[in-house]
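Shown below: protein.cif, with mmCIF, C-alpha atoms.
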```
data_run
#
loop_
_atom_site.label_atom_id
_atom_site.label_comp_id
_atom_site.auth_asym_id
_atom_site.auth_seq_id
_atom_site.Cartn_x
_atom_site.Cartn_y
_atom_site.Cartn_z
CA MET A 187 -1.94 18.52 -4.32
CA ALA A 188 -3.96 15.39 -4.88
CA LYS A 189 -2.17 12.15 -5.71
CA PRO A 190 -3.04 10.34 -8.95
CA GLY A 191 -4.85 7.06 -8.93
CA TYR A 192 -8.31 6.06 -7.70
CA GLY A 193 -9.18 4.08 -10.83
CA LYS A 194 -12.94 3.76 -11.25
CA ARG A 195 -14.62 0.42 -10.50
CA SER A 196 -18.37 0.11 -11.12
CA ALA A 197 -20.45 -1.55 -8.41
CA PRO A 198 -22.86 -4.33 -9.47
CA ASP A 199 -26.68 -4.29 -9.66
CA GLN A 200 -27.08 -0.67 -10.70
CA GLN A 201 -30.28 0.71 -12.17
CA ALA A 202 -30.46 1.64 -15.83
CA ARG A 203 -29.20 5.10 -16.75
CA THR A 204 -31.99 7.71 -17.13
CA ARG A 205 -32.20 11.46 -17.62
CA HIS A 206 -33.34 11.94 -14.04
CA ASP A 207 -30.31 10.41 -12.34
CA PHE A 208 -28.92 12.50 -9.47
CA ALA A 209 -31.90 14.86 -9.70
CA LEU A 210 -32.06 15.22 -5.91
CA LEU A 211 -28.44 16.37 -5.63
CA PRO A 212 -27.32 20.01 -5.65
CA THR A 213 -26.21 21.53 -8.94
CA ARG A 214 -22.47 21.06 -8.45
CA GLU A 215 -22.77 17.50 -7.16
CA ARG A 216 -25.18 16.61 -9.97
CA TYR A 217 -22.73 17.97 -12.55
CA VAL A 218 -19.77 16.03 -11.12
CA ALA A 219 -21.81 12.85 -10.64
CA GLY A 220 -23.09 12.95 -14.23
CA PHE A 221 -19.52 13.24 -15.52
CA VAL A 222 -18.14 10.47 -13.28
CA ASP A 223 -21.01 8.14 -14.16
CA HIS A 224 -20.04 8.23 -17.85
CA LEU A 225 -16.35 7.51 -17.24
CA PRO A 226 -15.24 3.99 -18.24
CA ASP A 227 -13.91 1.57 -15.66
CA GLY A 228 -10.26 2.21 -14.87
CA ALA A 229 -10.45 5.95 -15.60
CA ALA A 230 -8.61 8.31 -13.27
CA MET A 231 -10.76 9.47 -10.37
CA SER A 232 -8.37 11.69 -8.44
CA VAL A 233 -9.36 15.23 -7.59
CA LYS A 234 -6.65 16.69 -9.81
CA GLN A 235 -7.60 14.60 -12.85
CA LEU A 236 -11.30 15.38 -12.50
CA ALA A 237 -10.63 19.10 -12.07
CA LYS A 238 -8.68 19.09 -15.35
CA GLN A 239 -11.71 17.71 -17.18
CA LEU A 240 -14.38 19.87 -15.50
CA PRO A 241 -13.99 23.50 -16.62
CA LEU A 242 -16.50 24.94 -14.13
CA TYR A 243 -14.91 23.80 -10.86
CA GLY A 244 -11.46 23.64 -9.36
CA GLN A 245 -9.83 21.02 -7.17
CA GLN A 246 -11.35 22.26 -3.93
CA ALA A 247 -14.86 22.28 -5.38
CA VAL A 248 -14.42 18.81 -6.89
CA SER A 249 -13.11 17.47 -3.58
CA THR A 250 -16.14 18.86 -1.73
CA ALA A 251 -18.47 17.41 -4.35
CA LEU A 252 -16.89 13.95 -4.05
CA THR A 253 -17.30 14.11 -0.28
CA ALA A 254 -20.99 14.91 -0.71
CA LEU A 255 -21.38 12.05 -3.20
CA SER A 256 -19.76 9.69 -0.69
CA VAL A 257 -22.23 10.77 1.98
CA ALA A 258 -25.08 10.32 -0.52
CA GLY A 259 -24.00 6.70 -1.04
CA HIS A 260 -22.62 6.86 -4.58
CA LEU A 261 -18.91 6.09 -4.05
CA ARG A 262 -16.33 4.59 -1.73
CA ARG A 263 -12.55 4.88 -1.96
CA VAL A 264 -10.49 1.84 -0.97
CA ARG A 265 -6.88 0.70 -0.76
CA CYS A 266 -6.03 -2.73 -2.20
CA PRO A 267 -2.69 -4.54 -1.64
CA VAL A 268 -0.88 -6.00 -4.63
CA VAL A 269 2.41 -7.86 -4.92
CA GLY A 270 5.37 -5.79 -6.04
CA ALA A 271 8.98 -6.66 -6.75
CA GLY A 272 10.34 -9.32 -4.42
CA ASP A 273 8.68 -9.27 -1.01
CA GLU A 274 7.43 -5.71 -1.49
CA THR A 275 3.71 -5.05 -1.02
CA ARG A 276 2.28 -2.09 -2.88
CA TRP A 277 -1.09 -0.42 -2.36
CA VAL A 278 -3.32 0.76 -5.16
CA PHE A 279 -6.20 3.17 -4.75
CA ARG A 280 -9.59 2.55 -6.33
CA THR A 281 -12.97 4.25 -6.31
CA PHE A 282 -16.06 2.06 -6.35
CA TRP A 283 -18.90 3.94 -8.01
CA SER A 284 -22.63 3.23 -7.93
CA ARG A 285 -25.16 5.22 -9.94
CA THR A 286 -27.78 3.95 -7.52
CA ALA A 287 -27.36 5.43 -4.03
CA ARG A 288 -26.52 2.76 -1.45
CA ASP A 289 -26.66 2.83 2.34
CA ASN A 290 -23.79 1.97 4.66
CA GLU A 291 -25.00 -1.61 5.24
CA TRP A 292 -24.93 -2.34 1.50
CA TRP A 293 -21.45 -0.88 1.08
CA ASN A 294 -20.11 -2.81 4.09
CA ALA A 295 -21.52 -6.08 2.77
CA TYR A 296 -20.21 -5.45 -0.74
CA LEU A 297 -16.71 -4.50 0.41
CA ALA A 298 -16.63 -7.53 2.72
CA THR A 299 -17.50 -9.74 -0.25
CA GLU A 300 -14.83 -8.02 -2.32
CA GLN A 301 -12.27 -8.61 0.43
CA ALA A 302 -13.25 -12.29 0.75
CA THR A 303 -12.92 -12.72 -3.00
CA ARG A 304 -9.44 -11.18 -2.97
CA ALA A 305 -8.39 -13.33 0.00
CA ALA A 306 -9.49 -16.53 -1.76
CA ALA A 307 -7.83 -15.63 -5.07
CA PRO A 308 -4.05 -15.18 -5.45
CA VAL A 309 -2.85 -11.60 -5.22
CA PRO A 310 -2.22 -10.25 -8.73
CA ASP A 311 1.04 -8.58 -9.56
CA ALA A 312 1.03 -4.79 -9.66
CA SER A 313 0.26 -3.72 -13.18
CA ALA A 314 0.67 -0.39 -14.90
CA ARG A 315 -3.10 0.08 -14.84
CA ASP A 316 -3.18 -0.12 -11.03
CA THR A 317 0.03 1.62 -10.01
CA ALA A 318 -0.10 4.41 -12.59
CA PRO A 319 -3.07 6.64 -13.38
CA PRO A 320 -4.71 5.61 -16.65
CA PRO A 321 -5.17 8.30 -19.26
CA PRO A 322 -8.27 10.30 -18.31
CA TRP A 323 -11.25 10.28 -20.63
CA ALA A 324 -11.05 13.22 -23.03
CA PRO A 325 -14.44 14.79 -23.87
CA ALA A 326 -13.02 16.00 -27.21
CA GLU A 327 -13.23 12.46 -28.54
CA ASP A 328 -17.03 12.57 -28.36
CA PRO A 329 -18.60 14.10 -31.49
CA ARG A 330 -21.39 15.57 -29.39
CA PRO A 331 -20.76 18.88 -27.56
CA ALA A 332 -19.68 18.85 -23.94
CA PRO A 333 -21.93 20.32 -21.23
CA GLU A 334 -21.70 24.11 -21.09
CA GLY A 335 -22.84 24.74 -17.55
CA PRO A 336 -23.82 23.17 -14.23
CA ASP A 337 -27.52 23.19 -15.21
CA THR A 338 -26.93 20.24 -17.49
CA GLU A 339 -28.64 17.28 -15.88
CA GLN A 340 -26.70 14.61 -17.70
CA ALA A 341 -23.18 14.56 -19.07
CA PRO A 342 -22.73 13.53 -22.71
CA GLU A 343 -22.25 9.88 -23.49
CA PRO A 344 -18.53 9.23 -24.12
CA ALA A 345 -17.34 7.27 -27.08
CA ALA A 346 -16.98 3.58 -26.45
CA VAL A 347 -13.44 2.63 -25.52
CA PRO A 348 -12.57 -0.69 -27.15
CA GLN A 349 -10.60 -3.09 -25.08
CA GLN A 350 -7.10 -3.86 -26.19
CA ARG A 351 -6.73 -7.32 -27.63
CA THR A 352 -3.58 -9.36 -27.57
CA PRO A 353 -2.81 -10.63 -31.10
CA ALA A 354 -2.72 -14.37 -31.47
CA ARG A 355 0.85 -15.61 -31.46
CA ALA A 356 1.84 -18.20 -34.03
CA PRO A 357 3.13 -21.46 -32.59
CA ASP A 358 6.86 -21.56 -32.23
CA THR A 359 8.25 -24.14 -34.64
CA ARG A 360 11.88 -23.49 -33.94
CA PRO A 361 13.79 -26.40 -32.38
CA ALA A 362 14.41 -26.17 -28.69
CA PRO A 363 17.94 -25.11 -27.76
CA PRO A 364 20.14 -27.89 -26.45
CA VAL A 365 20.22 -28.19 -22.72
CA PRO A 366 23.77 -27.53 -21.51
CA ALA A 367 25.36 -30.25 -19.52
CA THR A 368 25.61 -29.62 -15.82
CA ALA A 369 29.04 -28.36 -14.94
CA PRO A 370 30.86 -30.48 -12.43
CA ALA A 371 30.96 -29.07 -8.95
CA THR A 372 34.19 -27.40 -7.91
CA PRO A 373 36.01 -29.72 -5.54
CA HIS A 374 36.60 -28.40 -2.03
CA VAL A 375 40.19 -27.35 -1.50
CA PRO A 376 41.26 -27.79 2.15
CA GLY A 377 42.44 -24.60 3.81
CA THR A 378 40.44 -22.14 1.70
CA SER A 379 37.09 -21.88 3.51
CA PRO A 380 36.38 -18.86 5.78
CA ALA A 381 35.92 -21.20 8.74
CA TYR A 382 39.33 -22.83 8.21
CA LEU A 383 41.08 -19.47 7.83
CA ALA A 384 39.40 -18.11 10.97
CA LEU A 385 40.68 -21.07 12.97
CA ALA A 386 44.17 -20.76 11.50
CA ARG A 387 44.39 -17.08 12.48
CA LEU A 388 43.61 -17.82 16.14
CA GLY A 389 47.19 -18.88 16.82
CA ARG A 390 48.56 -15.77 15.07
CA ASP A 391 46.51 -13.53 17.38
CA ASP A 392 46.97 -15.53 20.60
CA HIS A 393 49.70 -18.15 21.01
CA ARG A 394 47.57 -20.08 23.52
CA LEU A 395 45.24 -21.14 20.65
CA THR A 396 47.88 -22.32 18.20
CA LEU A 397 46.44 -25.12 16.05
CA SER A 398 48.03 -27.48 13.57
CA ALA A 399 46.73 -28.02 10.05
CA ASP A 400 45.06 -31.28 11.11
CA ASP A 401 43.41 -29.53 14.08
CA CYS A 402 41.98 -26.79 11.80
CA ALA A 403 40.68 -29.42 9.37
CA ALA A 404 39.00 -31.32 12.23
CA LEU A 405 37.32 -28.21 13.65
CA GLU A 406 36.39 -26.73 10.26
CA PRO A 407 32.89 -28.35 10.07
CA LEU A 408 31.96 -27.01 13.51
CA ALA A 409 33.12 -23.48 12.67
CA ALA A 410 31.37 -23.64 9.28
CA GLU A 411 28.10 -24.39 11.09
CA TRP A 412 28.49 -21.12 13.00
CA LEU A 413 28.95 -19.16 9.78
CA ALA A 414 25.98 -20.97 8.21
CA ARG A 415 23.78 -19.61 11.01
CA GLY A 416 24.47 -16.04 9.98
CA VAL A 417 27.31 -14.98 12.29
CA SER A 418 30.37 -13.17 10.99
CA VAL A 419 34.00 -14.26 11.23
CA ASP A 420 34.66 -11.51 13.80
CA TYR A 421 31.80 -12.80 15.97
CA LEU A 422 33.19 -16.35 15.72
CA THR A 423 36.68 -15.18 16.66
CA SER A 424 35.55 -13.13 19.65
CA ALA A 425 33.38 -16.01 20.95
CA LEU A 426 36.32 -18.42 20.81
CA THR A 427 38.90 -16.08 22.35
CA ALA A 428 36.85 -14.46 25.11
CA GLY A 429 37.75 -15.34 28.73
CA LEU A 430 40.68 -17.65 28.04
CA PRO A 431 42.49 -19.15 31.04
CA ALA A 432 46.11 -18.18 31.74
CA LYS A 433 47.34 -21.53 30.42
CA VAL A 434 45.70 -23.72 27.76
CA ASP A 435 46.96 -27.30 27.73
CA SER A 436 44.89 -28.53 24.76
CA PRO A 437 43.83 -25.75 22.33
CA VAL A 438 41.95 -28.14 20.05
CA GLY A 439 39.98 -29.59 22.97
CA LEU A 440 39.07 -26.15 24.32
CA LEU A 441 37.95 -24.87 20.92
CA ARG A 442 35.93 -28.03 20.20
CA ARG A 443 34.12 -27.61 23.52
CA ARG A 444 33.38 -23.94 22.84
CA LEU A 445 32.24 -24.59 19.26
CA ASN A 446 29.75 -27.18 20.52
CA ASP A 447 28.52 -25.40 23.65
CA LYS A 448 28.31 -21.81 22.42
CA ILE A 449 26.85 -22.35 18.97
CA PRO A 450 24.28 -19.58 18.29
CA PRO A 451 20.64 -20.37 17.49
CA ARG A 452 19.47 -20.62 13.90
CA LEU A 453 17.38 -17.59 12.96
CA PRO A 454 14.84 -17.57 10.11
CA THR A 455 15.88 -15.66 7.06
CA ALA A 456 14.23 -12.33 6.31
CA GLY A 457 10.96 -12.74 4.45
CA SER A 458 10.52 -16.46 5.24
CA PRO A 459 7.47 -17.13 7.43
CA SER A 460 7.99 -19.13 10.59
CA PRO A 461 6.64 -22.70 10.57
CA GLY A 462 2.98 -22.83 11.52
CA ALA A 463 2.49 -19.07 11.24
CA PRO A 464 -0.73 -18.07 9.48
CA ALA A 465 -0.47 -16.34 6.14
CA PRO A 466 -0.75 -12.56 6.40
CA ALA A 467 -4.26 -11.34 5.70
CA ARG A 468 -4.74 -9.09 2.73
CA HIS A 469 -7.01 -6.41 4.06
CA LEU A 470 -9.04 -4.04 1.94
CA LEU A 471 -9.13 -0.64 3.61
CA VAL A 472 -11.67 2.08 2.99
CA GLU A 473 -10.20 5.55 2.65
CA CYS A 474 -11.86 8.70 3.95
CA THR A 475 -13.09 10.61 0.91
CA ASP A 476 -12.21 13.94 2.52
CA CYS A 477 -8.85 13.49 4.30
CA GLY A 478 -7.69 10.08 3.03
CA ARG A 479 -7.42 8.39 6.44
CA PRO A 480 -7.68 4.57 5.99
CA GLY A 481 -9.76 2.23 8.10
CA PRO A 482 -12.16 -0.74 7.99
CA PRO A 483 -15.52 -0.17 6.28
CA GLN A 484 -17.44 -0.25 9.58
CA ALA A 485 -15.31 2.58 11.00
CA LEU A 486 -16.01 4.94 8.09
CA PRO A 487 -19.78 5.28 7.62
CA ASP A 488 -20.69 7.47 4.65
CA GLY A 489 -17.06 7.01 3.54
CA LEU A 490 -15.85 9.57 6.11
CA CYS A 491 -13.81 9.28 9.28
CA ARG A 492 -15.20 10.64 12.53
CA PRO A 493 -13.56 14.12 12.42
CA CYS A 494 -14.54 14.68 8.79
CA ARG A 495 -18.04 13.37 9.42
CA GLU A 496 -18.49 15.81 12.31
CA THR A 497 -17.17 18.65 10.17
CA HIS A 498 -19.45 17.71 7.29
CA SER A 499 -22.53 17.42 9.52
CA GLY A 500 -21.65 20.75 11.11
CA SER A 501 -21.39 22.45 7.73
CA VAL A 502 -24.73 20.98 6.69
CA ASP A 503 -26.47 22.04 9.90
CA GLY A 504 -24.98 25.50 9.67
CA GLY A 505 -22.71 25.06 12.69
CA ASN A 506 -23.51 25.33 16.37
CA SER A 507 -25.57 28.45 17.05
CA LEU A 508 -24.47 30.61 19.97
CA HIS A 509 -26.76 31.83 22.69
CA PRO A 510 -27.60 35.57 22.47
CA ALA A 511 -26.05 36.11 25.90
CA ASP A 512 -22.79 34.57 24.70
CA ILE A 513 -22.79 36.84 21.65
CA ALA A 514 -23.27 39.88 23.87
CA ASP A 515 -20.39 38.78 26.13
CA VAL A 516 -18.10 38.37 23.13
CA LYS A 517 -18.98 41.83 21.83
CA ALA A 518 -18.40 43.38 25.24
CA HIS A 519 -15.03 41.66 25.53
CA MET A 520 -13.95 42.88 22.08
CA ASN A 521 -15.01 46.46 22.91
CA ASN A 522 -12.98 46.28 26.11
CA LEU A 523 -9.94 45.14 24.15
CA ARG A 524 -10.33 47.99 21.66
CA ASP A 525 -10.51 50.51 24.52
CA LEU A 526 -7.30 49.14 26.02
CA LEU A 527 -5.50 49.41 22.68
CA ARG A 528 -6.45 53.05 22.10
CA PRO A 529 -3.66 55.57 22.80
CA VAL A 530 -4.10 57.63 25.95
#
```

Show the structure stored in the file as structure tokens.
Amino acid sequence: MAKPGYGKRSAPDQQARTRHDFALLPTRERYVAGFVDHLPDGAAMSVKQLAKQLPLYGQQAVSTALTALSVAGHLRRVRCPVVGAGDETRWVFRTFWSRTARDNEWWNAYLATEQATRAAAPVPDASARDTAPPPPWAPAEDPRPAPEGPDTEQAPEPAAVPQQRTPARAPDTRPAPPVPATAPATPHVPGTSPAYLALARLGRDDHRLTLSADDCAALEPLAAEWLARGVSVDYLTSALTAGLPAKVDSPVGLLRRRLNDKIPPRLPTAGSPSPGAPAPARHLLVECTDCGRPGPPQALPDGLCRPCRETHSGSVDGGNSLHPADIADVKAHMNNLRDLLRPV
């Protein structure tokens, strides 16, 4: 089952549309190419969506036709990163279409320019048009009849789809709401912080670390620094109570020494880049038209990965022909197996 998506994006510098476009392609590929060429930008280009609109061919036939069109230089499928909710990065799938057949060098240069443009511009937020398949073009909206067979050289011209316009919003004349006064900060109450309570419980668990109220208040800033670095109260307690001597003469001195000497390192928070680290590159990946395997444009000539390209070239060449001697050996082996399987 094909996934939805692959919104159409038209490549620049295409030749004008004529009746002889795609004349050198086979019948099925010419029929699919004529239909795709008349789709507006942003239309769904997945195999499932195209098969719903083309009555003559199913999903497998449409998938094979798109693979042939990729080899012919008419389309490339890419993955583009967009910003999602929070730190999430989402990928959208697009199909760049060119009525004029292009070679691999042209596609590599164009996709490199597209990637450089996206790297220079800020990443747009994921919109409904990118993350959800747009409504496919319906041929019933065109007053002219749809093509009746694969012999049709050119698909009918679809009705123009007007762009949605945002209505002008009248200026807001309402008075601005009053800015609430900043609430006064809650004063710190001694003996209520997690660091203070952790220090106070040390003497309850082990009498050798019994502290007074003044001792807990003096050590509270040091213990609070531990908790500010992301450690838990249990971690703080175990670090202060591990390996105690048999007799502790000054609990406050021992704990102050341990709080200063064993303080854990400060770790960066999740999602915050380390100082001096380069910004992550936003790569544009080309997707294999046949199997969907992603990769850089140079690694997928003709829009196909290496296994699919070998399979496609093998199907075009008719496969590897066997030597007559090998065919005779295979037949002799099969006859021998049949003789062994016969009942005595």

Q: Let me know the residues the PyMOL selection byres ((chain A and resi 259) around 9) catches in the file above, as an MDAnalysis selection string.
A: chainID A and resid 254:258 260:262 284 286:290 293 488:489

Q) Counting all atoms listed in the file, what is within 10 Å of Asp401 in chain A, bar same-chain residues fewer than 6 positions away, as JSON, numbers by chain? A) {"A": [382, 385, 386, 437, 438, 439, 441, 442]}

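Atom pair CA of Arg263 in chain A / CA of Pro241 in chain A: separated by 23.7 Å.
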
(Q) Here's the selection I'm unsure about, the PyMOL selection byres ((chain A and resi 420) around 12); applied to the file above, which residues does it give, as a list in words? (A) Pro380, Ala381, Leu383, Ala384, Leu385, Arg387, Leu388, Trp412, Leu413, Gly416, Val417, Ser418, Val419, Tyr421, Leu422, Thr423, Ser424, Ala425, Leu426, Thr427 and Ala428 of chain A

Q) Which one of A:Tyr192, A:Arg276, A:Ala251, A:Glu291 sits closest to Gln235 in chain A if you count only C-alpha atoms? A)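 The answer is A:Tyr192, which sits nearest to Gln235 in chain A.
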
Q: Could you tell me which residues the PyMOL selection byres ((chain A and resi 208) around 12) grabs in this file, written as a ChimeraX atom specification?
A: /A:203-207,209-223,255,258-260,284-287,338-341

(Q) Here's a test: counting only C-alpha atoms, identify every protein, DNA and RNA residue with an atom at most 9 Å from (-10.7, 16.0, -0.3) in the file's coordinate frame, and state them as a ChimeraX atom specification. (A) /A:188,233,245-246,248-253,474-478

Q) From the list A:Arg195, A:Arg528, A:Lys433, A:His393, which residue is nearest Met231 in chain A when using all atoms listed in the file? A) A:Arg195

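CA of Leu408 in chain A lies 15.3 Å from CA of Thr378 in chain A.
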
Q. Can you tell me how far CA of Arg280 in chain A sits from CA of Lys194 in chain A, in Å to one decimal?
A.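 Interatomic distance here is 6.1 Å.
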